[in-house]
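K.L.:
Contents are PDB, C-alpha atoms and all ligand atoms; file name run_26.pdb:
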ATOM      1  CA  SER K 299      67.093 100.572  62.196
ATOM      2  CA  ALA K 300      66.873 104.307  61.527
ATOM      3  CA  GLU K 301      67.345 104.948  65.220
ATOM      4  CA  GLU K 302      70.564 102.900  65.300
ATOM      5  CA  ILE K 303      71.902 104.597  62.196
ATOM      6  CA  LYS K 304      71.270 107.997  63.773
ATOM      7  CA  ALA K 305      73.015 106.977  67.020
ATOM      8  CA  ASN K 306      75.964 105.484  65.114
ATOM      9  CA  GLU K 307      76.313 108.635  63.003
ATOM     10  CA  ALA K 308      76.303 110.771  66.159
ATOM     11  CA  ALA K 309      78.969 108.540  67.715
ATOM     12  CA  LEU K 310      81.113 108.753  64.567
ATOM     13  CA  ASP K 311      80.827 112.546  64.631
ATOM     14  CA  LYS K 312      82.324 112.410  68.102
ATOM     15  CA  PHE K 313      85.258 110.418  66.706
ATOM     16  CA  LYS K 314      86.176 113.501  64.698
ATOM     17  CA  MET K 315      86.568 115.440  67.932
ATOM     18  CA  SER K 316      88.065 112.304  69.424
ATOM     19  CA  MET K 317      85.973 110.261  71.828
ATOM     20  CA  PHE K 318      89.208 109.607  73.653
ATOM     21  CA  SER K 319      89.897 113.241  74.448
ATOM     22  CA  LEU K 320      90.278 114.034  78.140
ATOM     23  CA  LYS K 321      90.366 117.812  77.593
ATOM     24  CA  GLY K 322      89.166 119.674  80.660
ATOM     25  CA  LYS K 323      89.328 116.558  82.863
ATOM     26  CA  VAL K 324      91.310 116.136  86.074
ATOM     27  CA  ALA K 325      92.756 112.723  86.911
ATOM     28  CA  ILE K 326      94.062 111.550  90.274
ATOM     29  CA  ILE K 327      96.657 108.816  89.889
ATOM     30  CA  THR K 328      98.104 107.096  92.951
ATOM     31  CA  GLY K 329     101.750 106.130  92.591
ATOM     32  CA  GLY K 330     101.651 107.980  89.269
ATOM     33  CA  ASN K 331     105.348 108.890  89.388
ATOM     34  CA  THR K 332     106.988 105.495  88.764
ATOM     35  CA  GLY K 333     106.600 102.350  86.660
ATOM     36  CA  LEU K 334     103.135 101.717  85.297
ATOM     37  CA  GLY K 335     101.722 104.737  87.133
ATOM     38  CA  GLN K 336     104.055 107.121  85.326
ATOM     39  CA  GLY K 337     102.819 105.658  82.031
ATOM     40  CA  TYR K 338      99.171 106.301  83.000
ATOM     41  CA  SER K 339      99.959 109.876  84.132
ATOM     42  CA  VAL K 340     101.692 110.933  80.947
ATOM     43  CA  ALA K 341      99.205 109.123  78.693
ATOM     44  CA  LEU K 342      96.230 110.855  80.305
ATOM     45  CA  ALA K 343      98.091 114.177  80.043
ATOM     46  CA  GLU K 344      98.693 113.551  76.333
ATOM     47  CA  ALA K 345      94.935 112.996  76.005
ATOM     48  CA  GLY K 346      94.365 116.412  77.613
ATOM     49  CA  ALA K 347      93.867 115.793  81.326
ATOM     50  CA  ASP K 348      95.459 117.671  84.210
ATOM     51  CA  ILE K 349      97.088 115.287  86.657
ATOM     52  CA  PHE K 350      97.160 115.014  90.452
ATOM     53  CA  ILE K 351      99.637 112.428  91.716
ATOM     54  CA  ALA K 352      99.338 111.095  95.271
ATOM     55  CA  THR K 353     102.355 109.042  96.191
ATOM     56  CA  HIS K 354     104.883 107.851  98.735
ATOM     57  CA  GLY K 355     108.370 108.839  97.637
ATOM     58  CA  GLN K 356     109.658 111.544  95.321
ATOM     59  CA  GLU K 357     111.252 109.150  92.837
ATOM     60  CA  GLY K 358     110.385 110.073  89.263
ATOM     61  CA  TRP K 359     108.649 113.360  90.152
ATOM     62  CA  GLU K 360     110.827 115.592  88.015
ATOM     63  CA  ASP K 361     110.734 113.344  84.940
ATOM     64  CA  THR K 362     106.980 112.923  85.287
ATOM     65  CA  ARG K 363     106.468 116.670  85.757
ATOM     66  CA  LYS K 364     108.532 117.453  82.663
ATOM     67  CA  MET K 365     106.661 114.945  80.503
ATOM     68  CA  ILE K 366     103.268 116.261  81.611
ATOM     69  CA  GLU K 367     104.139 119.953  81.347
ATOM     70  CA  LYS K 368     105.632 119.347  77.902
ATOM     71  CA  ARG K 369     102.116 118.345  76.873
ATOM     72  CA  GLY K 370     100.701 121.628  78.140
ATOM     73  CA  GLN K 371      98.972 120.047  81.117
ATOM     74  CA  ARG K 372      99.150 120.920  84.789
ATOM     75  CA  VAL K 373     100.480 118.469  87.372
ATOM     76  CA  GLU K 374     100.460 118.573  91.176
ATOM     77  CA  PHE K 375     102.074 116.128  93.566
ATOM     78  CA  MET K 376     101.009 115.141  97.071
ATOM     79  CA  GLN K 377     103.437 113.131  99.133
ATOM     80  CA  CYS K 378     101.566 110.793 101.474
ATOM     81  CA  ASP K 379     101.175 107.290 102.803
ATOM     82  CA  LEU K 380      97.833 106.164 101.402
ATOM     83  CA  THR K 381      97.460 103.521 104.091
ATOM     84  CA  GLN K 382      97.180 106.061 106.910
ATOM     85  CA  ASP K 383      93.768 106.947 108.388
ATOM     86  CA  GLY K 384      92.070 109.887 106.712
ATOM     87  CA  VAL K 385      94.643 110.203 103.906
ATOM     88  CA  ALA K 386      92.296 109.008 101.137
ATOM     89  CA  GLN K 387      89.795 111.751 101.945
ATOM     90  CA  LYS K 388      92.636 114.259 102.118
ATOM     91  CA  VAL K 389      93.812 113.247  98.633
ATOM     92  CA  ILE K 390      90.363 113.867  97.160
ATOM     93  CA  ASP K 391      89.924 117.148  99.088
ATOM     94  CA  THR K 392      93.375 118.438  98.084
ATOM     95  CA  ALA K 393      92.826 117.597  94.407
ATOM     96  CA  LEU K 394      89.472 119.414  94.534
ATOM     97  CA  GLU K 395      91.096 122.387  96.212
ATOM     98  CA  LYS K 396      93.908 122.581  93.634
ATOM     99  CA  PHE K 397      91.882 121.950  90.483
ATOM    100  CA  GLY K 398      88.273 122.812  91.361
ATOM    101  CA  HIS K 399      86.928 119.449  90.138
ATOM    102  CA  ILE K 400      87.924 115.818  89.665
ATOM    103  CA  ASP K 401      86.796 113.380  86.971
ATOM    104  CA  ILE K 402      89.038 110.301  86.990
ATOM    105  CA  LEU K 403      90.683 108.222  89.723
ATOM    106  CA  ILE K 404      93.319 105.599  88.924
ATOM    107  CA  ASN K 405      94.087 103.411  91.937
ATOM    108  CA  ASN K 406      97.548 102.295  90.864
ATOM    109  CA  ALA K 407      99.725 102.395  94.021
ATOM    110  CA  GLY K 408     100.504  98.929  95.242
ATOM    111  CA  MET K 409     103.148  96.602  96.577
ATOM    112  CA  ILE K 410     104.081  92.924  96.574
ATOM    113  CA  LYS K 411     105.750  90.689  99.168
ATOM    114  CA  ARG K 412     107.195  87.406  97.991
ATOM    115  CA  ASN K 413     107.500  84.521 100.453
ATOM    116  CA  PRO K 414     106.499  80.866 100.496
ATOM    117  CA  LEU K 415     103.072  80.586 102.118
ATOM    118  CA  LEU K 416     104.344  78.785 105.207
ATOM    119  CA  GLU K 417     106.928  81.496 105.792
ATOM    120  CA  SER K 418     104.552  84.408 105.245
ATOM    121  CA  LYS K 419     104.452  86.984 107.985
ATOM    122  CA  ASP K 420     101.300  88.586 109.381
ATOM    123  CA  GLU K 421     102.956  91.948 108.920
ATOM    124  CA  ASP K 422     103.344  91.389 105.165
ATOM    125  CA  TRP K 423      99.682  90.424 104.910
ATOM    126  CA  LYS K 424      98.674  93.591 106.786
ATOM    127  CA  ASN K 425     100.862  95.922 104.703
ATOM    128  CA  VAL K 426      99.939  94.456 101.321
ATOM    129  CA  ILE K 427      96.185  94.420 102.029
ATOM    130  CA  ALA K 428      96.423  97.981 103.433
ATOM    131  CA  ILE K 429      97.738  99.536 100.208
ATOM    132  CA  ASN K 430      96.475  97.134  97.513
ATOM    133  CA  LEU K 431      92.918  96.791  98.798
ATOM    134  CA  THR K 432      91.927  98.949 101.784
ATOM    135  CA  ALA K 433      93.405 102.150 100.335
ATOM    136  CA  VAL K 434      91.648 101.409  97.032
ATOM    137  CA  TYR K 435      88.363 101.094  98.934
ATOM    138  CA  HIS K 436      88.848 104.355 100.864
ATOM    139  CA  LEU K 437      89.952 106.348  97.808
ATOM    140  CA  SER K 438      87.121 104.946  95.695
ATOM    141  CA  MET K 439      84.562 105.763  98.408
ATOM    142  CA  ALA K 440      85.768 109.343  98.747
ATOM    143  CA  ALA K 441      85.823 109.831  94.955
ATOM    144  CA  ALA K 442      82.486 108.044  94.448
ATOM    145  CA  LYS K 443      80.721 110.557  96.689
ATOM    146  CA  VAL K 444      81.976 113.437  94.523
ATOM    147  CA  PHE K 445      81.303 111.566  91.261
ATOM    148  CA  ALA K 446      77.747 110.576  92.319
ATOM    149  CA  LYS K 447      76.888 114.200  93.053
ATOM    150  CA  GLN K 448      78.246 115.493  89.728
ATOM    151  CA  LYS K 449      76.751 112.510  87.851
ATOM    152  CA  HIS K 450      79.937 111.536  86.064
ATOM    153  CA  GLY K 451      83.311 110.023  86.864
ATOM    154  CA  LYS K 452      85.618 107.130  86.106
ATOM    155  CA  ILE K 453      87.363 104.891  88.598
ATOM    156  CA  ILE K 454      90.074 102.651  87.202
ATOM    157  CA  ASN K 455      91.526 100.112  89.602
ATOM    158  CA  ILE K 456      94.723  98.229  88.933
ATOM    159  CA  GLY K 457      94.307  94.511  89.317
ATOM    160  CA  SER K 458      96.623  91.838  87.968
ATOM    161  CA  MET K 459      96.566  88.379  86.441
ATOM    162  CA  LEU K 460      96.436  87.488  90.127
ATOM    163  CA  SER K 461      92.907  88.938  90.086
ATOM    164  CA  PHE K 462      91.963  85.774  88.166
ATOM    165  CA  GLN K 463      94.357  83.021  89.183
ATOM    166  CA  GLY K 464      96.504  81.842  92.069
ATOM    167  CA  GLY K 465     100.235  82.289  92.280
ATOM    168  CA  LYS K 466     103.038  80.767  94.307
ATOM    169  CA  PHE K 467     104.767  82.784  97.045
ATOM    170  CA  ILE K 468     102.431  85.775  96.909
ATOM    171  CA  PRO K 469      99.357  84.883  98.985
ATOM    172  CA  SER K 470      98.671  88.401 100.255
ATOM    173  CA  TYR K 471      99.132  89.924  96.785
ATOM    174  CA  THR K 472      96.841  87.314  95.205
ATOM    175  CA  ALA K 473      94.149  87.881  97.828
ATOM    176  CA  SER K 474      94.441  91.662  97.493
ATOM    177  CA  LYS K 475      94.142  91.612  93.686
ATOM    178  CA  HIS K 476      91.151  89.214  93.797
ATOM    179  CA  GLY K 477      89.728  91.749  96.255
ATOM    180  CA  VAL K 478      90.322  94.564  93.780
ATOM    181  CA  ALA K 479      88.296  92.630  91.184
ATOM    182  CA  GLY K 480      85.450  92.175  93.677
ATOM    183  CA  LEU K 481      85.550  95.813  94.721
ATOM    184  CA  THR K 482      85.463  96.891  91.069
ATOM    185  CA  LYS K 483      82.336  94.825  90.406
ATOM    186  CA  ALA K 484      80.627  95.922  93.634
ATOM    187  CA  PHE K 485      81.249  99.613  92.912
ATOM    188  CA  ALA K 486      80.274  99.217  89.253
ATOM    189  CA  SER K 487      76.948  97.646  90.108
ATOM    190  CA  GLU K 488      75.902 100.584  92.288
ATOM    191  CA  MET K 489      77.713 103.519  90.668
ATOM    192  CA  GLY K 490      76.423 102.872  87.139
ATOM    193  CA  ALA K 491      73.137 104.492  88.161
ATOM    194  CA  TYR K 492      75.065 107.746  88.734
ATOM    195  CA  ASN K 493      76.813 107.595  85.340
ATOM    196  CA  VAL K 494      80.036 106.589  87.067
ATOM    197  CA  GLN K 495      82.005 103.736  85.502
ATOM    198  CA  VAL K 496      84.274 101.543  87.598
ATOM    199  CA  ASN K 497      86.641  99.224  85.751
ATOM    200  CA  ALA K 498      89.987  97.546  86.346
ATOM    201  CA  ILE K 499      93.077  96.947  84.272
ATOM    202  CA  ALA K 500      94.802  93.629  84.890
ATOM    203  CA  PRO K 501      98.402  94.003  83.677
ATOM    204  CA  GLY K 502     100.413  90.911  82.825
ATOM    205  CA  TYR K 503     104.174  90.681  83.305
ATOM    206  CA  ILE K 504     105.355  94.267  82.912
ATOM    207  CA  LYS K 505     108.955  95.461  83.081
ATOM    208  CA  THR K 506     109.205  97.788  86.092
ATOM    209  CA  ALA K 507     111.588  98.032  89.044
ATOM    210  CA  ASN K 508     109.025  96.008  90.959
ATOM    211  CA  THR K 509     109.453  92.946  88.737
ATOM    212  CA  ALA K 510     113.248  93.170  88.289
ATOM    213  CA  PRO K 511     113.864  90.324  90.796
ATOM    214  CA  ILE K 512     111.755  87.953  88.650
ATOM    215  CA  ARG K 513     113.685  88.819  85.490
ATOM    216  CA  ALA K 514     116.965  88.334  87.341
ATOM    217  CA  ASP K 515     116.066  84.657  87.884
ATOM    218  CA  LYS K 516     116.984  83.282  84.437
ATOM    219  CA  ALA K 517     115.068  79.987  84.677
ATOM    220  CA  ARG K 518     111.930  81.693  85.997
ATOM    221  CA  ASN K 519     112.175  84.378  83.343
ATOM    222  CA  GLN K 520     112.423  81.733  80.620
ATOM    223  CA  GLU K 521     109.401  79.890  81.978
ATOM    224  CA  ILE K 522     107.387  83.120  82.001
ATOM    225  CA  LEU K 523     108.419  84.062  78.468
ATOM    226  CA  SER K 524     107.403  80.628  77.201
ATOM    227  CA  ARG K 525     103.882  81.274  78.514
ATOM    228  CA  ILE K 526     103.371  84.734  76.979
ATOM    229  CA  PRO K 527     101.948  84.413  73.452
ATOM    230  CA  ALA K 528     103.374  87.883  72.627
ATOM    231  CA  GLY K 529     106.810  86.423  73.455
ATOM    232  CA  HIS K 530     108.019  89.352  75.526
ATOM    233  CA  TRP K 531     107.409  91.211  78.773
ATOM    234  CA  GLY K 532     105.090  94.199  78.542
ATOM    235  CA  ALA K 533     106.256  97.782  79.095
ATOM    236  CA  PRO K 534     104.366 100.615  80.799
ATOM    237  CA  HIS K 535     103.708 102.294  77.441
ATOM    238  CA  GLU K 536     101.741  99.223  76.353
ATOM    239  CA  LEU K 537      99.135  99.956  79.033
ATOM    240  CA  MET K 538      98.599 103.576  77.977
ATOM    241  CA  GLY K 539      95.896 103.000  75.371
ATOM    242  CA  VAL K 540      93.661 100.984  77.663
ATOM    243  CA  ALA K 541      94.010 103.543  80.473
ATOM    244  CA  VAL K 542      93.051 106.441  78.182
ATOM    245  CA  PHE K 543      90.171 104.425  76.715
ATOM    246  CA  LEU K 544      88.727 103.523  80.124
ATOM    247  CA  ALA K 545      89.115 107.134  81.308
ATOM    248  CA  SER K 546      87.355 108.540  78.234
ATOM    249  CA  GLU K 547      83.749 108.847  77.189
ATOM    250  CA  ALA K 548      84.398 106.125  74.616
ATOM    251  CA  ALA K 549      84.079 103.788  77.617
ATOM    252  CA  ASP K 550      80.845 105.245  79.002
ATOM    253  CA  TYR K 551      79.062 101.884  78.535
ATOM    254  CA  VAL K 552      81.977  99.816  79.873
ATOM    255  CA  ASN K 553      81.381  99.098  83.539
ATOM    256  CA  GLY K 554      82.596  96.419  85.954
ATOM    257  CA  CYS K 555      85.135  95.080  83.476
ATOM    258  CA  ILE K 556      88.474  93.591  84.560
ATOM    259  CA  MET K 557      90.540  94.059  81.418
ATOM    260  CA  PRO K 558      93.670  91.902  81.000
ATOM    261  CA  VAL K 559      96.576  93.580  79.187
ATOM    262  CA  ASP K 560      99.002  90.709  79.282
ATOM    263  CA  GLY K 561     100.182  89.797  75.775
ATOM    264  CA  GLY K 562      97.744  86.864  75.910
ATOM    265  CA  TYR K 563      99.220  85.238  79.037
ATOM    266  CA  LEU K 564      95.867  84.310  80.572
ATOM    267  CA  VAL K 565      94.570  82.394  77.558
ATOM    268  CA  ARG K 566      97.632  80.229  77.195
TER     269      ARG K 566
HETATM  270  P1  LIG Z   1     105.980 100.537  91.401
HETATM  271  O1  LIG Z   1     106.542 100.036  92.688
HETATM  272  O2  LIG Z   1     106.894 101.175  90.408
HETATM  273  O3  LIG Z   1     104.806 101.552  91.682
HETATM  274  C1  LIG Z   1     104.039 101.567  92.817
HETATM  275  C2  LIG Z   1     103.938 102.993  93.283
HETATM  276  O4  LIG Z   1     103.003 103.046  94.374
HETATM  277  C3  LIG Z   1     105.281 103.536  93.812
HETATM  278  O5  LIG Z   1     105.461 104.855  93.364
HETATM  279  C4  LIG Z   1     105.080 103.500  95.313
HETATM  280  O6  LIG Z   1     105.837 104.450  96.018
HETATM  281  C5  LIG Z   1     103.586 103.797  95.427
HETATM  282  N1  LIG Z   1     103.098 103.353  96.729
HETATM  283  C6  LIG Z   1     103.229 102.120  97.274
HETATM  284  N2  LIG Z   1     102.710 102.115  98.511
HETATM  285  C7  LIG Z   1     102.238 103.374  98.747
HETATM  286  C8  LIG Z   1     101.605 104.006  99.855
HETATM  287  N3  LIG Z   1     101.357 103.347 101.000
HETATM  288  N4  LIG Z   1     101.259 105.298  99.751
HETATM  289  C9  LIG Z   1     101.526 105.998  98.620
HETATM  290  N5  LIG Z   1     102.125 105.459  97.544
HETATM  291  C10 LIG Z   1     102.479 104.153  97.607
HETATM  292  O7  LIG Z   1     105.185  99.278  90.795
HETATM  293  P2  LIG Z   1     104.560  98.965  89.370
HETATM  294  O8  LIG Z   1     104.560 100.158  88.502
HETATM  295  O9  LIG Z   1     105.173  97.712  88.918
HETATM  296  O10 LIG Z   1     103.049  98.608  89.787
HETATM  297  C11 LIG Z   1     101.993  99.544  89.795
HETATM  298  C12 LIG Z   1     100.678  98.791  90.005
HETATM  299  O11 LIG Z   1     100.506  97.822  88.983
HETATM  300  C13 LIG Z   1     100.609  98.025  91.336
HETATM  301  O12 LIG Z   1      99.298  98.088  91.839
HETATM  302  C14 LIG Z   1     100.950  96.604  90.914
HETATM  303  O13 LIG Z   1     100.415  95.650  91.788
HETATM  304  C15 LIG Z   1     100.274  96.547  89.565
HETATM  305  N6  LIG Z   1     100.800  95.501  88.689
HETATM  306  C16 LIG Z   1     102.100  95.499  88.257
HETATM  307  C17 LIG Z   1     102.555  94.506  87.421
HETATM  308  C18 LIG Z   1     103.951  94.463  86.898
HETATM  309  O14 LIG Z   1     104.286  93.490  86.213
HETATM  310  N7  LIG Z   1     104.796  95.433  87.141
HETATM  311  C19 LIG Z   1     101.674  93.398  87.014
HETATM  312  C20 LIG Z   1     100.337  93.504  87.515
HETATM  313  C21 LIG Z   1      99.931  94.517  88.321
HETATM  314  P3  LIG Z   1     107.198 103.950  96.801
HETATM  315  O15 LIG Z   1     108.007 103.200  95.794
HETATM  316  O16 LIG Z   1     107.804 105.214  97.251
HETATM  317  O17 LIG Z   1     106.703 103.081  97.926
END
Give the structure from the file, written as structure tokens.
P.N.:
Amino acid sequence: SAEEIKANEAALDKFKMSMFSLKGKVAIITGGNTGLGQGYSVALAEAGADIFIATHGQEGWEDTRKMIEKRGQRVEFMQCDLTQDGVAQKVIDTALEKFGHIDILINNAGMIKRNPLLESKDEDWKNVIAINLTAVYHLSMAAAKVFAKQKHGKIINIGSMLSFQGGKFIPSYTASKHGVAGLTKAFASEMGAYNVQVNAIAPGYIKTANTAPIRADKARNQEILSRIPAGHWGAPHELMGVAVFLASEAADYVNGCIMPVDGGYLVR
């Protein structure tokens, strides 16, 4: 129809300026200094965003800072334990104080504890749920209040293939990542009315320090490789495009989606 042609032409005009541009945006990325998080931080900076990284340790800070500043973007770090009471609100308040506004939140920080179910400890359950799920809830709540008021914002949660399926020896991780999928859908269904999109990325097997113990087990590694149609482990840079897309206005009508980036693992 004429109306569709007009809307498509307008959208294509935006392509010229790049629908994926994050110029003028500020992104908060938890754990954005290492592994997958570092990839998201530098990719969003390349797309034009300034970056606020809230994280535990100082590993990777200098490399991450250099990569972001090289792209002409500003980066600030906040060292914190995201599982402590009140810290989520403090992250949002500090980012607002430093940058004046916030537009994107990537809930990336997480951990895994591997143990056979019958040997699992309550403490592991508590710690894994605290960072992988409860901190995601608190950070999303604090950001959602700001985003609802300004009538725009993007929340990107980091799920996993364990958001969809079960896995041996990681009961707390599996439960937490299923929880992340549920949280994403719950937030999406209410925040859409405020022009706030809430989506999740579900990475497959990605080479980071976190997954080194799996690769060290030759038989297990072989079994995994045989189930990945792409035939190789993913790398943090292979998640960059999806992160930038979901953070950009190109994804304004994408909401409540849990997007696998797994070399096809889930369909095998
Ligand atoms: P990393 O361990 O490299 O990154 C996690 C980051 O989160 C670290 O910088 C860590 O800091 C930080 N962090 C953990 N707990 C806290 C806390 N309480 N407060 C503040 N920061 C914290 O792991 P990956 O890059 O591999 O994983 C990143 C995300 O991607 C996680 O959510 C993970 O579950 C998910 N994922 C990873 C996959 C993979 O194959 N690698 C597959 C699917 C999902 P510190 O090290 O100092 O504790």
K.L.:
Check the smallest atom-to-atom distance from each of K:Tyr563, K:Phe375, K:Phe318, K:Phe445 to Met489 in chain K using all atoms listed in the file, then report the winner.
P.N.:
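Looking at the shortest contact to Met489 in chain K, the residue is K:Phe445.
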K.L.:
Pull out every residue that the PyMOL selection byres (((not hetatm)) within 6 of (chain Z and resi 1)) matches in the shown coordinates and put them as a ChimeraX atom specification.
P.N.:
/K:329,331-335,353-355,378-381,406-409,429,456-458,501-509
K.L.:
Print the selection's residues with C-alpha atoms to a file, as an mmCIF file, in the frame of the given file.
P.N.:
data_model
loop_
_atom_site.group_PDB
_atom_site.id
_atom_site.type_symbol
_atom_site.label_atom_id
_atom_site.label_comp_id
_atom_site.auth_asym_id
_atom_site.auth_seq_id
_atom_site.Cartn_x
_atom_site.Cartn_y
_atom_site.Cartn_z
ATOM 1 C CA GLY K 329 101.750 106.130 92.591
ATOM 2 C CA ASN K 331 105.348 108.890 89.388
ATOM 3 C CA THR K 332 106.988 105.495 88.764
ATOM 4 C CA GLY K 333 106.600 102.350 86.660
ATOM 5 C CA LEU K 334 103.135 101.717 85.297
ATOM 6 C CA GLY K 335 101.722 104.737 87.133
ATOM 7 C CA THR K 353 102.355 109.042 96.191
ATOM 8 C CA HIS K 354 104.883 107.851 98.735
ATOM 9 C CA GLY K 355 108.370 108.839 97.637
ATOM 10 C CA CYS K 378 101.566 110.793 101.474
ATOM 11 C CA ASP K 379 101.175 107.290 102.803
ATOM 12 C CA LEU K 380 97.833 106.164 101.402
ATOM 13 C CA THR K 381 97.460 103.521 104.091
ATOM 14 C CA ASN K 406 97.548 102.295 90.864
ATOM 15 C CA ALA K 407 99.725 102.395 94.021
ATOM 16 C CA GLY K 408 100.504 98.929 95.242
ATOM 17 C CA MET K 409 103.148 96.602 96.577
ATOM 18 C CA ILE K 429 97.738 99.536 100.208
ATOM 19 C CA ILE K 456 94.723 98.229 88.933
ATOM 20 C CA GLY K 457 94.307 94.511 89.317
ATOM 21 C CA SER K 458 96.623 91.838 87.968
ATOM 22 C CA PRO K 501 98.402 94.003 83.677
ATOM 23 C CA GLY K 502 100.413 90.911 82.825
ATOM 24 C CA TYR K 503 104.174 90.681 83.305
ATOM 25 C CA ILE K 504 105.355 94.267 82.912
ATOM 26 C CA LYS K 505 108.955 95.461 83.081
ATOM 27 C CA THR K 506 109.205 97.788 86.092
ATOM 28 C CA ALA K 507 111.588 98.032 89.044
ATOM 29 C CA ASN K 508 109.025 96.008 90.959
ATOM 30 C CA THR K 509 109.453 92.946 88.737
#
K.L.:
Quick check, in Å to one decimal: how far apart do CA of Ile400 in chain K and CA of Val324 in chain K lie?
P.N.:
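Computed distance, CA of Ile400 in chain K to CA of Val324 in chain K, equals 4.9 Å.
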K.L.:
Find the residue from K:Val565, K:Ala352, K:Ala484, K:Ile366 that sits nearest to Phe462 in chain K; use all atoms listed in the file when measuring.
P.N.:
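Counting all atoms listed in the file, the residue closest to Phe462 in chain K is K:Val565.
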K.L.:
Please evaluate the PyMOL selection byres (((chain K and resi 442) around 12) and not hetatm) against the displayed coordinates and give the resulting residues as a ChimeraX atom specification.
P.N.:
/K:386-387,390,400-403,434-441,443-454,485-486,488-496
